[in-house]
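Here is final.txt, consisting of compact mmCIF, C-alpha atoms:
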```
# COMPACT_ATOMS: atom_id res chain seq x y z
CA MET U 1 151.76 73.93 -3.33
CA ARG U 2 151.33 75.29 0.19
CA ARG U 3 150.80 72.69 2.90
CA ALA U 4 150.10 73.28 6.59
CA GLY U 5 150.97 70.90 9.40
CA THR U 6 148.69 69.98 12.27
CA PRO U 7 149.50 71.73 15.56
CA ILE U 8 150.01 69.70 18.70
CA GLU U 9 149.25 70.60 22.30
CA ILE U 10 151.78 69.68 24.96
CA SER U 11 150.51 69.58 28.55
CA PRO U 12 151.32 67.75 31.81
CA ASP U 13 148.76 65.16 30.71
CA GLY U 14 150.64 64.38 27.52
CA THR U 15 150.68 65.37 23.86
CA ARG U 16 147.75 65.41 21.46
CA ARG U 17 147.15 66.53 17.90
CA LEU U 18 144.58 69.28 17.70
CA GLN U 19 141.54 68.78 15.51
CA ARG U 20 140.68 71.44 12.99
CA VAL U 21 137.17 72.83 13.40
CA PRO U 22 135.28 73.36 10.11
CA PHE U 23 133.66 76.72 9.48
CA THR U 24 129.90 76.28 9.21
CA GLU U 25 126.91 78.46 9.90
CA ARG U 26 126.40 76.43 13.11
CA THR U 27 129.94 76.94 14.43
CA PHE U 28 132.04 79.75 12.98
CA ALA U 29 130.12 81.83 10.47
CA GLU U 30 131.24 84.95 8.60
CA ASN U 31 129.73 87.07 11.34
CA TRP U 32 132.04 85.34 13.84
CA LEU U 33 135.01 86.11 11.60
CA GLN U 34 134.07 89.78 11.42
CA GLU U 35 133.69 90.06 15.19
CA LEU U 36 137.04 88.34 15.71
CA ILE U 37 138.79 90.82 13.41
CA GLN U 38 136.95 93.74 14.99
CA GLU U 39 138.12 92.81 18.47
CA HIS U 40 141.59 91.48 17.58
CA PRO U 41 142.93 93.21 14.43
CA THR U 42 146.51 92.25 15.39
CA LEU U 43 145.57 88.66 14.60
CA LEU U 44 146.06 89.45 10.91
CA PRO U 45 149.73 89.18 9.80
CA VAL U 46 149.39 92.21 7.51
CA ASP U 47 153.06 93.12 7.94
CA GLU U 48 153.92 90.03 5.88
CA ILE U 49 151.96 91.56 3.02
CA ARG U 50 153.16 95.16 3.45
CA ALA U 51 156.14 95.49 5.79
CA SER U 52 155.67 99.20 6.49
CA ILE U 53 152.16 98.89 7.91
CA GLY U 54 151.68 99.72 11.59
CA PRO U 55 149.37 98.54 14.37
CA LEU U 56 145.81 98.32 13.08
CA THR U 57 142.73 99.90 14.63
CA SER U 58 139.20 98.91 13.65
CA LEU U 59 137.05 101.63 12.08
CA GLY U 60 133.98 99.43 12.17
CA ARG U 61 132.04 96.59 10.62
CA GLU U 62 129.61 96.80 7.71
CA VAL U 63 130.89 100.26 6.74
CA PRO U 64 128.60 101.53 3.96
CA THR U 65 129.82 102.43 0.46
CA THR U 66 128.09 102.77 -2.90
CA ALA U 67 129.36 99.26 -3.73
CA GLY U 68 127.93 97.71 -0.57
CA GLN U 69 129.01 97.30 3.03
CA ILE U 70 132.67 96.63 3.84
CA ASP U 71 132.87 93.72 6.29
CA ASN U 72 135.76 95.20 8.29
CA LEU U 73 137.58 98.49 7.77
CA LEU U 74 140.89 99.03 9.56
CA VAL U 75 143.53 101.77 9.58
CA ASP U 76 147.12 102.06 10.77
CA PRO U 77 148.68 105.13 12.46
CA ASN U 78 150.04 106.40 9.13
CA GLY U 79 146.53 106.47 7.64
CA THR U 80 146.82 103.30 5.54
CA LEU U 81 143.32 101.89 5.10
CA VAL U 82 142.78 98.11 5.14
CA ILE U 83 139.60 96.75 3.55
CA ILE U 84 138.62 93.24 4.60
CA GLU U 85 136.11 90.92 3.00
CA THR U 86 135.42 87.78 5.06
CA LYS U 87 134.29 84.65 3.30
CA LEU U 88 133.55 81.02 3.99
CA TRP U 89 134.79 79.04 1.01
CA ARG U 90 132.21 76.29 0.71
CA ASN U 91 131.23 77.62 -2.72
CA PRO U 92 134.20 77.40 -5.15
CA GLN U 93 132.74 80.16 -7.33
CA ALA U 94 132.77 82.51 -4.37
CA ARG U 95 136.54 82.70 -4.54
CA ARG U 96 136.39 84.68 -7.75
CA ASP U 97 133.33 86.70 -6.83
CA VAL U 98 134.69 87.86 -3.50
CA VAL U 99 137.89 89.19 -5.05
CA GLY U 100 135.86 91.28 -7.47
CA GLN U 101 133.72 92.50 -4.58
CA VAL U 102 136.63 93.74 -2.50
CA ILE U 103 138.02 95.59 -5.53
CA ASP U 104 134.64 97.26 -5.98
CA TYR U 105 134.80 98.39 -2.35
CA ALA U 106 138.23 99.90 -2.94
CA ALA U 107 137.05 101.76 -6.03
CA ALA U 108 134.02 103.10 -4.15
CA LEU U 109 136.17 104.17 -1.21
CA CYS U 110 138.50 106.11 -3.49
CA GLN U 111 135.57 108.24 -4.63
CA LEU U 112 135.20 109.61 -1.09
CA SER U 113 136.82 112.55 0.63
CA PHE U 114 138.07 112.14 4.18
CA ASP U 115 134.93 113.84 5.52
CA GLU U 116 132.67 111.50 3.55
CA LEU U 117 134.55 108.46 4.82
CA ASP U 118 134.43 109.82 8.36
CA HIS U 119 130.65 110.18 8.02
CA ALA U 120 130.36 106.52 6.95
CA VAL U 121 132.46 105.44 9.93
CA ARG U 122 130.28 107.48 12.30
CA LEU U 123 127.17 105.72 11.00
CA VAL U 124 128.42 102.39 12.38
CA ASN U 125 130.10 103.72 15.53
CA GLY U 126 127.43 105.80 17.23
CA ASP U 127 128.74 109.11 15.84
CA CYS U 128 132.32 108.26 16.86
CA GLY U 129 134.60 109.37 14.03
CA ILE U 130 137.98 108.20 12.77
CA ALA U 131 140.07 110.60 14.84
CA ASP U 132 138.01 109.75 17.93
CA LEU U 133 138.69 106.04 17.49
CA LEU U 134 142.45 106.50 17.20
CA GLY U 135 142.92 109.33 19.72
CA GLY U 136 146.14 111.34 19.85
CA ASP U 137 146.89 115.06 20.00
CA ASP U 138 145.96 117.66 17.38
CA LEU U 139 149.16 117.13 15.36
CA GLU U 140 148.75 113.36 15.32
CA ARG U 141 145.14 113.68 14.26
CA GLN U 142 146.08 115.97 11.38
CA GLN U 143 148.81 113.56 10.26
CA LEU U 144 146.27 110.75 10.32
CA ILE U 145 143.76 112.76 8.29
CA ASP U 146 146.47 113.69 5.76
CA GLY U 147 147.56 110.05 5.43
CA ILE U 148 144.03 108.76 4.85
CA SER U 149 143.32 111.55 2.37
CA ARG U 150 146.45 110.68 0.36
CA GLY U 151 145.47 107.02 0.31
CA LEU U 152 141.98 107.81 -0.93
CA ARG U 153 143.34 110.00 -3.71
CA SER U 154 146.00 107.53 -4.86
CA GLY U 155 144.20 104.26 -4.21
CA ASP U 156 147.07 103.19 -1.95
CA LEU U 157 145.00 100.74 0.07
CA VAL U 158 145.42 97.22 1.43
CA LEU U 159 142.72 94.77 0.32
CA LEU U 160 142.40 91.49 2.20
CA VAL U 161 140.16 88.49 1.72
CA VAL U 162 140.04 86.51 4.96
CA GLY U 163 138.44 83.09 5.20
CA ASP U 164 138.86 79.40 5.83
CA GLY U 165 140.46 76.93 3.43
CA ILE U 166 141.52 79.47 0.77
CA ARG U 167 142.89 77.79 -2.35
CA GLU U 168 145.77 79.15 -4.38
CA GLU U 169 144.08 80.02 -7.67
CA ILE U 170 146.38 82.92 -8.38
CA GLU U 171 145.75 83.07 -12.14
CA SER U 172 142.08 83.96 -11.76
CA ILE U 173 142.90 86.43 -9.01
CA ALA U 174 145.45 88.16 -11.26
CA ASP U 175 142.81 88.50 -13.97
CA LEU U 176 140.51 90.30 -11.56
CA LEU U 177 143.28 92.58 -10.35
CA GLY U 178 143.97 93.60 -13.91
CA ALA U 179 140.42 94.94 -14.15
CA ALA U 180 141.25 97.70 -11.66
CA PRO U 181 144.40 99.36 -13.11
CA HIS U 182 143.71 102.76 -11.57
CA LEU U 183 144.21 101.54 -8.01
CA GLY U 184 147.65 101.32 -6.41
CA PHE U 185 146.45 98.80 -3.87
CA THR U 186 148.11 95.80 -2.26
CA PHE U 187 146.01 92.63 -2.28
CA GLY U 188 146.33 89.66 0.04
CA LEU U 189 144.64 86.37 0.89
CA ILE U 190 144.69 85.29 4.55
CA GLU U 191 143.47 81.92 5.75
CA LEU U 192 142.32 81.44 9.35
CA ALA U 193 142.48 77.87 10.60
CA VAL U 194 140.57 77.12 13.82
CA TYR U 195 141.49 74.22 16.10
CA ASP U 196 139.89 72.99 19.29
CA SER U 197 142.13 73.21 22.34
CA SER U 198 141.92 72.26 25.98
CA ALA U 199 139.62 73.83 28.58
CA SER U 200 137.00 74.61 25.93
CA SER U 201 139.33 77.14 24.29
CA THR U 202 139.95 77.73 20.59
CA LEU U 203 143.23 78.16 18.73
CA VAL U 204 143.19 80.41 15.64
CA ILE U 205 146.17 80.25 13.25
CA PRO U 206 146.43 82.91 10.49
CA THR U 207 148.38 82.20 7.29
CA VAL U 208 149.16 84.51 4.37
CA VAL U 209 148.29 82.49 1.29
CA ALA U 210 149.44 85.01 -1.30
CA HIS U 211 149.68 88.68 -2.10
CA SER U 212 149.66 90.55 -5.35
CA VAL U 213 151.67 93.01 -7.32
CA GLU U 214 150.73 96.65 -6.92
CA ILE U 215 149.18 98.20 -10.04
CA THR U 216 150.67 101.65 -10.51
CA ARG U 217 150.79 102.86 -14.15
CA THR U 218 147.69 104.07 -15.95
CA THR U 219 146.37 106.49 -18.51
CA VAL U 220 143.71 109.01 -17.55
CA ARG U 221 141.43 110.64 -20.12
CA VAL U 222 139.31 113.62 -19.09
CA GLU U 223 136.50 114.77 -21.42
CA VAL U 224 134.19 117.76 -20.91
CA LEU U 225 130.61 116.68 -21.62
CA PRO U 226 128.03 119.03 -23.24
CA ASP U 227 126.39 119.68 -19.87
CA GLY U 228 129.71 120.79 -18.37
CA ARG U 229 130.37 117.64 -16.34
CA LEU U 230 133.74 115.91 -16.54
CA ASP U 231 133.93 112.34 -17.81
CA VAL U 232 137.05 110.61 -16.42
CA LYS U 233 138.21 107.30 -17.91
CA VAL U 234 141.11 105.30 -16.45
CA ALA U 235 142.87 102.45 -18.27
CA ALA U 236 146.08 100.47 -18.01
CA LEU U 237 148.97 101.38 -20.28
CA ASN U 238 149.38 98.96 -23.16
CA ASP U 239 152.72 97.73 -24.46
CA GLU U 240 152.99 100.53 -27.01
CA ASP U 241 152.41 103.19 -24.38
CA ALA U 242 154.83 101.85 -21.80
CA ALA U 243 158.45 100.94 -22.21
CA ALA U 244 158.59 99.75 -18.60
CA PRO U 245 156.40 97.16 -16.88
CA SER U 246 153.04 98.49 -15.73
CA ARG U 247 153.15 96.76 -12.36
CA ARG U 248 155.47 97.33 -9.41
CA GLN U 249 156.35 93.85 -8.23
CA LYS U 250 158.00 92.49 -5.14
CA LEU U 251 161.74 92.96 -5.65
CA ASP U 252 164.26 90.17 -5.90
CA ALA U 253 167.90 90.30 -4.80
CA GLU U 254 169.25 91.36 -8.18
CA THR U 255 166.65 94.07 -8.76
CA PHE U 256 167.06 95.51 -5.28
CA ALA U 257 170.84 95.69 -5.71
CA HIS U 258 170.38 97.42 -9.06
CA HIS U 259 167.99 100.02 -7.61
CA LEU U 260 170.19 100.62 -4.58
CA SER U 261 173.29 101.08 -6.76
CA GLY U 262 171.73 104.22 -8.19
CA ASN U 263 171.50 105.79 -4.72
CA VAL U 264 174.72 104.77 -2.95
CA ASP U 265 178.41 104.59 -3.84
CA PRO U 266 180.00 101.26 -4.93
CA ALA U 267 181.72 100.69 -1.58
CA THR U 268 178.46 101.12 0.34
CA LEU U 269 176.67 98.78 -2.07
CA SER U 270 179.36 96.15 -1.58
CA ASP U 271 179.06 96.42 2.21
CA VAL U 272 175.26 96.08 2.04
CA LEU U 273 175.46 92.95 -0.11
CA ALA U 274 178.05 91.42 2.20
CA TRP U 275 175.78 92.16 5.19
CA ARG U 276 172.84 90.63 3.35
CA ASP U 277 174.80 87.43 2.69
CA GLN U 278 175.83 87.25 6.35
CA VAL U 279 172.20 87.59 7.48
CA ALA U 280 170.99 85.01 4.95
CA ALA U 281 173.52 82.46 6.23
CA ASP U 282 172.09 82.41 9.77
CA PRO U 283 169.07 80.09 10.23
CA ARG U 284 167.55 82.49 12.80
CA LEU U 285 167.35 85.28 10.21
CA ARG U 286 166.01 85.54 6.67
CA VAL U 287 166.35 88.09 3.87
CA ASP U 288 163.08 89.10 2.24
CA TYR U 289 162.05 91.76 -0.27
CA ALA U 290 159.07 94.08 -0.65
CA SER U 291 158.21 96.40 -3.52
CA LYS U 292 160.74 99.04 -2.42
CA SER U 293 162.90 97.50 0.27
CA MET U 294 165.02 94.63 1.53
CA ILE U 295 163.89 93.23 4.88
CA PHE U 296 165.88 91.35 7.50
CA ARG U 297 163.40 89.06 9.24
CA VAL U 298 163.84 87.33 12.59
CA ARG U 299 163.01 83.59 12.74
CA PRO U 300 162.92 82.20 16.30
CA VAL U 301 163.62 78.48 16.49
CA GLY U 302 160.40 76.47 16.79
CA ILE U 303 158.15 79.47 16.05
CA ALA U 304 156.11 79.47 12.82
CA ARG U 305 155.90 83.30 12.61
CA GLU U 306 158.63 85.63 11.33
CA PHE U 307 159.26 89.14 12.65
CA THR U 308 160.53 92.33 11.00
CA GLY U 309 163.99 93.22 12.26
CA LEU U 310 165.23 95.88 9.84
CA LEU U 311 164.14 97.49 6.58
CA ILE U 312 166.59 98.88 4.04
CA GLU U 313 164.90 101.01 1.39
CA GLU U 314 166.19 101.04 -2.19
CA THR U 315 166.79 104.77 -1.62
CA GLY U 316 169.35 104.04 1.12
CA ASN U 317 167.08 104.78 4.08
CA VAL U 318 166.89 102.39 7.03
CA SER U 319 164.09 101.86 9.53
CA VAL U 320 162.78 99.70 12.36
CA GLY U 321 159.11 99.57 13.18
CA TRP U 322 155.93 97.87 14.29
CA LEU U 323 157.71 94.94 15.94
CA HIS U 324 155.58 95.44 19.05
CA GLN U 325 152.41 94.57 17.11
CA GLN U 326 154.01 91.43 15.72
CA VAL U 327 155.40 90.32 19.08
CA THR U 328 152.25 90.85 21.13
CA GLY U 329 150.16 89.37 18.31
CA VAL U 330 151.68 85.95 19.04
CA GLY U 331 151.47 86.31 22.82
CA ALA U 332 155.11 87.27 23.52
CA GLN U 333 156.27 90.04 25.85
CA GLY U 334 155.91 93.49 24.27
CA ASP U 335 159.02 94.90 25.95
CA ILE U 336 161.12 92.67 23.68
CA ALA U 337 160.15 95.04 20.86
CA THR U 338 160.48 98.33 22.73
CA LYS U 339 163.92 97.43 24.12
CA TYR U 340 165.08 96.35 20.68
CA ALA U 341 163.94 99.62 19.12
CA ALA U 342 165.49 101.76 21.85
CA GLU U 343 168.84 99.98 21.77
CA THR U 344 169.15 99.85 17.98
CA ALA U 345 168.16 103.53 17.75
CA MET U 346 171.08 104.36 20.04
CA LEU U 347 173.41 102.26 17.89
CA VAL U 348 172.66 104.20 14.70
CA GLY U 349 172.01 107.61 16.26
CA ALA U 350 168.29 107.64 15.44
CA ALA U 351 166.07 110.08 17.30
CA PRO U 352 164.09 108.07 19.87
CA PRO U 353 160.44 108.27 18.80
CA THR U 354 157.89 109.52 21.27
CA ARG U 355 154.69 108.46 19.54
CA TYR U 356 155.54 104.81 18.83
CA PRO U 357 158.16 103.34 21.15
CA ASP U 358 159.01 100.48 18.79
CA THR U 359 159.65 102.63 15.70
CA TRP U 360 162.51 104.68 14.33
CA GLY U 361 163.70 105.74 10.92
CA ASP U 362 160.43 105.71 8.94
CA GLY U 363 159.50 109.37 9.30
CA THR U 364 156.79 108.53 11.87
CA GLY U 365 156.38 110.74 14.92
CA ASP U 366 159.61 112.53 15.87
CA SER U 367 161.94 110.04 14.20
CA GLY U 368 163.30 110.81 10.73
CA TRP U 369 164.94 108.48 8.25
CA VAL U 370 168.32 106.95 9.13
CA ASP U 371 171.02 106.86 6.47
CA LEU U 372 172.39 103.51 5.40
CA ALA U 373 175.96 104.48 6.31
CA ALA U 374 174.99 104.80 9.98
CA ALA U 375 173.53 101.29 9.98
CA LEU U 376 176.49 99.79 8.14
CA ALA U 377 178.91 101.25 10.69
CA ARG U 378 177.13 99.20 13.39
CA ARG U 379 176.01 96.23 11.33
CA ALA U 380 177.72 93.67 13.58
CA GLU U 381 175.88 94.99 16.63
CA LEU U 382 172.57 95.25 14.73
CA THR U 383 172.86 91.66 13.54
CA GLU U 384 173.67 90.44 17.03
CA ARG U 385 170.71 92.37 18.43
CA MET U 386 168.35 90.71 15.92
CA LEU U 387 169.68 87.32 16.96
CA GLN U 388 169.06 88.23 20.59
CA VAL U 389 165.45 89.05 19.69
CA ALA U 390 165.11 85.60 18.12
CA ASP U 391 166.34 84.00 21.34
CA GLU U 392 164.15 86.24 23.53
CA LEU U 393 161.05 85.41 21.51
CA GLU U 394 161.81 81.71 21.64
CA ARG U 395 162.11 81.81 25.43
CA SER U 396 159.03 84.01 25.85
CA LEU U 397 156.80 81.81 23.69
CA HIS U 398 158.03 78.49 25.06
CA ASN U 399 157.66 79.42 28.72
```
Representation of the structure as structure tokens:
Amino acid sequence: MRRAGTPIEISPDGTRRLQRVPFTERTFAENWLQELIQEHPTLLPVDEIRASIGPLTSLGREVPTTAGQIDNLLVDPNGTLVIIETKLWRNPQARRDVVGQVIDYAAALCQLSFDELDHAVRLVNGDCGIADLLGGDDLERQQLIDGISRGLRSGDLVLLVVGDGIREEIESIADLLGAAPHLGFTFGLIELAVYDSSASSTLVIPTVVAHSVEITRTTVRVEVLPDGRLDVKVAALNDEDAAAPSRRQKLDAETFAHHLSGNVDPATLSDVLAWRDQVAADPRLRVDYASKSMIFRVRPVGIAREFTGLLIEETGNVSVGWLHQQVTGVGAQGDIATKYAAETAMLVGAAPPTRYPDTWGDGTGDSGWVDLAAALARRAELTERMLQVADELERSLHN
């Protein structure tokens, strides 16, 4: 069972335990939560739920759909849409209802074209559309439009429920996720704990409670009705229809190694596994897995948050990205991320990106994928550079 400690505040006047502030309609209501997310989307540790996601930009609050109004709608530079439902958890039944509601929003969103979604965004932003909110040149705008359009067609969305005091009732959540087999979404629960601090300030601590599998395999039946309209029915594959599991889950070490072995030679695989074991042995680093990749995470001493150092895809591709968002999100110096990206790009021969200075190797901007062999040739330097980031973050956050 997840347990959170109580933060302490250290000042020249001494040390004191901070008191958690309960969410009530008189203090922090759902409207306050929505405004907080609108103004500070980097507060949400979404990269812990989907490692490839980039810096988030708000597309608005109360965005209308046929299923109701989405509390907060966000997007990253690749066009990944993030749907957020905020909830105070005083009512235990609300935990189940709110999960169903956010799935309904996702289903409604996937019925829209980009132009229809852009119209909904303009309704809540004074006729300011999606491309206007994110800026960029014509090429970047077209890439954004293409990314959002792909996500709407495939259901590749991120669904978040954000609230106070979320409980880990994963079984009931899984039941609700199974009711939406046609969506390839990622689902997450994020708890925001609020503490009173000195000088009438407030400390907000986000925590990822859990995140789901991604539902990917379905059957689609299309029937022509007598009036000429098409009737489309979507359902999950049953055991007789599918020899493989119907859900793409977060990988484990064995499964990742198996997938990678089909894309690299045995010597390369052996080197990767040896590198993984070296990383896992250092307390300032940690090996994690997503649905398609192995992630080397940076763990500064005395800091509760982890940071993405390097991603190795099961295909053999390697990337670095979005560290700037993670670093600045905790109040550290942003140049820690940009220097890390620039120096590691030089190590592996990656093209320095021009659009996002903290990103290389993920196909974003001008930077293409980096082959695993290039990273392995400089693995000692890459590991040392990640450890330097851990030390730099520790100093930056403790000063």
Handout entry: Within 10 Å of Asn72 of chain U using all atoms listed in the file, minus same-chain residues under 6 positions, as a PyMOL selection string
Key = chain U and resi 33-35+37-38+41+58-63+82-86+160
Exercise for the section: Counting all atoms listed in the file, figure out which residue out of U:Asp265, U:Phe256, U:His398, U:Ile53 gets nearest to Ile10 of chain U. Expected result: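 Answer, going by the shortest atom-to-atom distance: U:His398.
For the pair atom CA of Val124 of chain U and atom CA of Pro64 of chain U, the separation is 8.5 Å.
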Exercise for the section: Mind checking which residues fall within 9 Å of segment 146-148 of chain U, counting only C-alpha atoms, ignoring those fewer than 2 positions away in the same chain, and posting them as an MDAnalysis selection string? Expected result: chainID U and resid 75 77:81 114 141:144 150:153
Handout entry: Neighbour list for Tyr289 of chain U as a list in words, cut-off 12 Å, all atoms listed in the file, skip fewer than 4 positions in-chain
Key =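 The filter keeps Glu48, Ile49, Arg50, Ala51, Ser52, Gln249, Lys250, Leu251, Asp252, Ala253, Glu254, Thr255, Phe256, Ala257, Arg276, Ser293, Met294, Ile295, Phe296, Arg297, Thr308, Leu310, Leu311, Ile312, Glu313 and Glu314 of chain U.
Within a radius of 9 Å around (173.1, 99.6, 11.6), the polymer residues are Leu310, Val318, Thr344, Ala345, Leu347, Val348, Leu372, Ala373, Ala374, Ala375, Leu376, Ala377, Arg378, Arg379, Ala380, Glu381, Leu382 and Thr383 of chain U, counting all atoms listed in the file.
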Please produce an output containing C-alpha atoms for each residue in the selection, written as a PDB file, keeping the file's coordinate frame.
```pdb
ATOM      1  CA  LEU U 310     165.230  95.880   9.840  1.00  0.00           C
ATOM      2  CA  VAL U 318     166.890 102.390   7.030  1.00  0.00           C
ATOM      3  CA  THR U 344     169.150  99.850  17.980  1.00  0.00           C
ATOM      4  CA  ALA U 345     168.160 103.530  17.750  1.00  0.00           C
ATOM      5  CA  LEU U 347     173.410 102.260  17.890  1.00  0.00           C
ATOM      6  CA  VAL U 348     172.660 104.200  14.700  1.00  0.00           C
ATOM      7  CA  LEU U 372     172.390 103.510   5.400  1.00  0.00           C
ATOM      8  CA  ALA U 373     175.960 104.480   6.310  1.00  0.00           C
ATOM      9  CA  ALA U 374     174.990 104.800   9.980  1.00  0.00           C
ATOM     10  CA  ALA U 375     173.530 101.290   9.980  1.00  0.00           C
ATOM     11  CA  LEU U 376     176.490  99.790   8.140  1.00  0.00           C
ATOM     12  CA  ALA U 377     178.910 101.250  10.690  1.00  0.00           C
ATOM     13  CA  ARG U 378     177.130  99.200  13.390  1.00  0.00           C
ATOM     14  CA  ARG U 379     176.010  96.230  11.330  1.00  0.00           C
ATOM     15  CA  ALA U 380     177.720  93.670  13.580  1.00  0.00           C
ATOM     16  CA  GLU U 381     175.880  94.990  16.630  1.00  0.00           C
ATOM     17  CA  LEU U 382     172.570  95.250  14.730  1.00  0.00           C
ATOM     18  CA  THR U 383     172.860  91.660  13.540  1.00  0.00           C
TER      19      THR U 383
END
```
Practice task
Rounded to one decimal place, report the atom CA of Pro283 of chain U-atom CA of Leu397 of chain U distance in Å.
Solution key: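 Going from atom CA of Pro283 of chain U over to atom CA of Leu397 of chain U, I get 18.3 Å.
Distance-wise, atom CA of Ser261 of chain U and atom CA of Gly361 of chain U end up 20.6 Å apart.
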Reconstruct N, CA, C and O atoms of segment 109-122 of chain U; output as a PDB file, in the coordinates of the input.
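Final file, selection.pdb:
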```pdb
ATOM      1  N   LEU U 109     135.546 103.410  -2.272  1.00  0.00           N
ATOM      2  CA  LEU U 109     136.170 104.170  -1.210  1.00  0.00           C
ATOM      3  C   LEU U 109     136.996 105.328  -1.765  1.00  0.00           C
ATOM      4  O   LEU U 109     137.032 106.424  -1.185  1.00  0.00           O
ATOM      5  N   CYS U 110     137.640 105.080  -2.900  1.00  0.00           N
ATOM      6  CA  CYS U 110     138.500 106.110  -3.490  1.00  0.00           C
ATOM      7  C   CYS U 110     137.711 107.260  -4.102  1.00  0.00           C
ATOM      8  O   CYS U 110     138.306 108.256  -4.530  1.00  0.00           O
ATOM      9  N   GLN U 111     136.406 107.139  -4.166  1.00  0.00           N
ATOM     10  CA  GLN U 111     135.570 108.240  -4.630  1.00  0.00           C
ATOM     11  C   GLN U 111     135.225 109.195  -3.491  1.00  0.00           C
ATOM     12  O   GLN U 111     134.647 110.256  -3.718  1.00  0.00           O
ATOM     13  N   LEU U 112     135.583 108.832  -2.263  1.00  0.00           N
ATOM     14  CA  LEU U 112     135.200 109.610  -1.090  1.00  0.00           C
ATOM     15  C   LEU U 112     136.291 110.571  -0.668  1.00  0.00           C
ATOM     16  O   LEU U 112     137.483 110.306  -0.848  1.00  0.00           O
ATOM     17  N   SER U 113     135.888 111.677  -0.081  1.00  0.00           N
ATOM     18  CA  SER U 113     136.820 112.550   0.630  1.00  0.00           C
ATOM     19  C   SER U 113     136.981 112.013   2.044  1.00  0.00           C
ATOM     20  O   SER U 113     136.245 111.106   2.467  1.00  0.00           O
ATOM     21  N   PHE U 114     137.917 112.577   2.797  1.00  0.00           N
ATOM     22  CA  PHE U 114     138.070 112.140   4.180  1.00  0.00           C
ATOM     23  C   PHE U 114     136.779 112.378   4.963  1.00  0.00           C
ATOM     24  O   PHE U 114     136.352 111.518   5.743  1.00  0.00           O
ATOM     25  N   ASP U 115     136.153 113.522   4.782  1.00  0.00           N
ATOM     26  CA  ASP U 115     134.930 113.840   5.520  1.00  0.00           C
ATOM     27  C   ASP U 115     133.812 112.861   5.197  1.00  0.00           C
ATOM     28  O   ASP U 115     133.039 112.469   6.084  1.00  0.00           O
ATOM     29  N   GLU U 116     133.716 112.457   3.930  1.00  0.00           N
ATOM     30  CA  GLU U 116     132.670 111.500   3.550  1.00  0.00           C
ATOM     31  C   GLU U 116     132.939 110.128   4.165  1.00  0.00           C
ATOM     32  O   GLU U 116     132.010 109.447   4.616  1.00  0.00           O
ATOM     33  N   LEU U 117     134.213 109.728   4.187  1.00  0.00           N
ATOM     34  CA  LEU U 117     134.550 108.460   4.820  1.00  0.00           C
ATOM     35  C   LEU U 117     134.296 108.539   6.329  1.00  0.00           C
ATOM     36  O   LEU U 117     133.760 107.594   6.924  1.00  0.00           O
ATOM     37  N   ASP U 118     134.655 109.648   6.925  1.00  0.00           N
ATOM     38  CA  ASP U 118     134.430 109.820   8.360  1.00  0.00           C
ATOM     39  C   ASP U 118     132.936 109.728   8.690  1.00  0.00           C
ATOM     40  O   ASP U 118     132.548 109.147   9.708  1.00  0.00           O
ATOM     41  N   HIS U 119     132.106 110.262   7.810  1.00  0.00           N
ATOM     42  CA  HIS U 119     130.650 110.180   8.020  1.00  0.00           C
ATOM     43  C   HIS U 119     130.198 108.724   7.981  1.00  0.00           C
ATOM     44  O   HIS U 119     129.377 108.297   8.823  1.00  0.00           O
ATOM     45  N   ALA U 120     130.730 107.944   7.032  1.00  0.00           N
ATOM     46  CA  ALA U 120     130.360 106.520   6.950  1.00  0.00           C
ATOM     47  C   ALA U 120     130.790 105.767   8.195  1.00  0.00           C
ATOM     48  O   ALA U 120     130.073 104.894   8.700  1.00  0.00           O
ATOM     49  N   VAL U 121     131.969 106.089   8.714  1.00  0.00           N
ATOM     50  CA  VAL U 121     132.460 105.440   9.930  1.00  0.00           C
ATOM     51  C   VAL U 121     131.577 105.806  11.119  1.00  0.00           C
ATOM     52  O   VAL U 121     131.261 104.961  11.970  1.00  0.00           O
ATOM     53  N   ARG U 122     131.142 107.056  11.189  1.00  0.00           N
ATOM     54  CA  ARG U 122     130.280 107.480  12.300  1.00  0.00           C
ATOM     55  C   ARG U 122     128.929 106.752  12.279  1.00  0.00           C
ATOM     56  O   ARG U 122     128.348 106.492  13.346  1.00  0.00           O
TER      57      ARG U 122
END
```
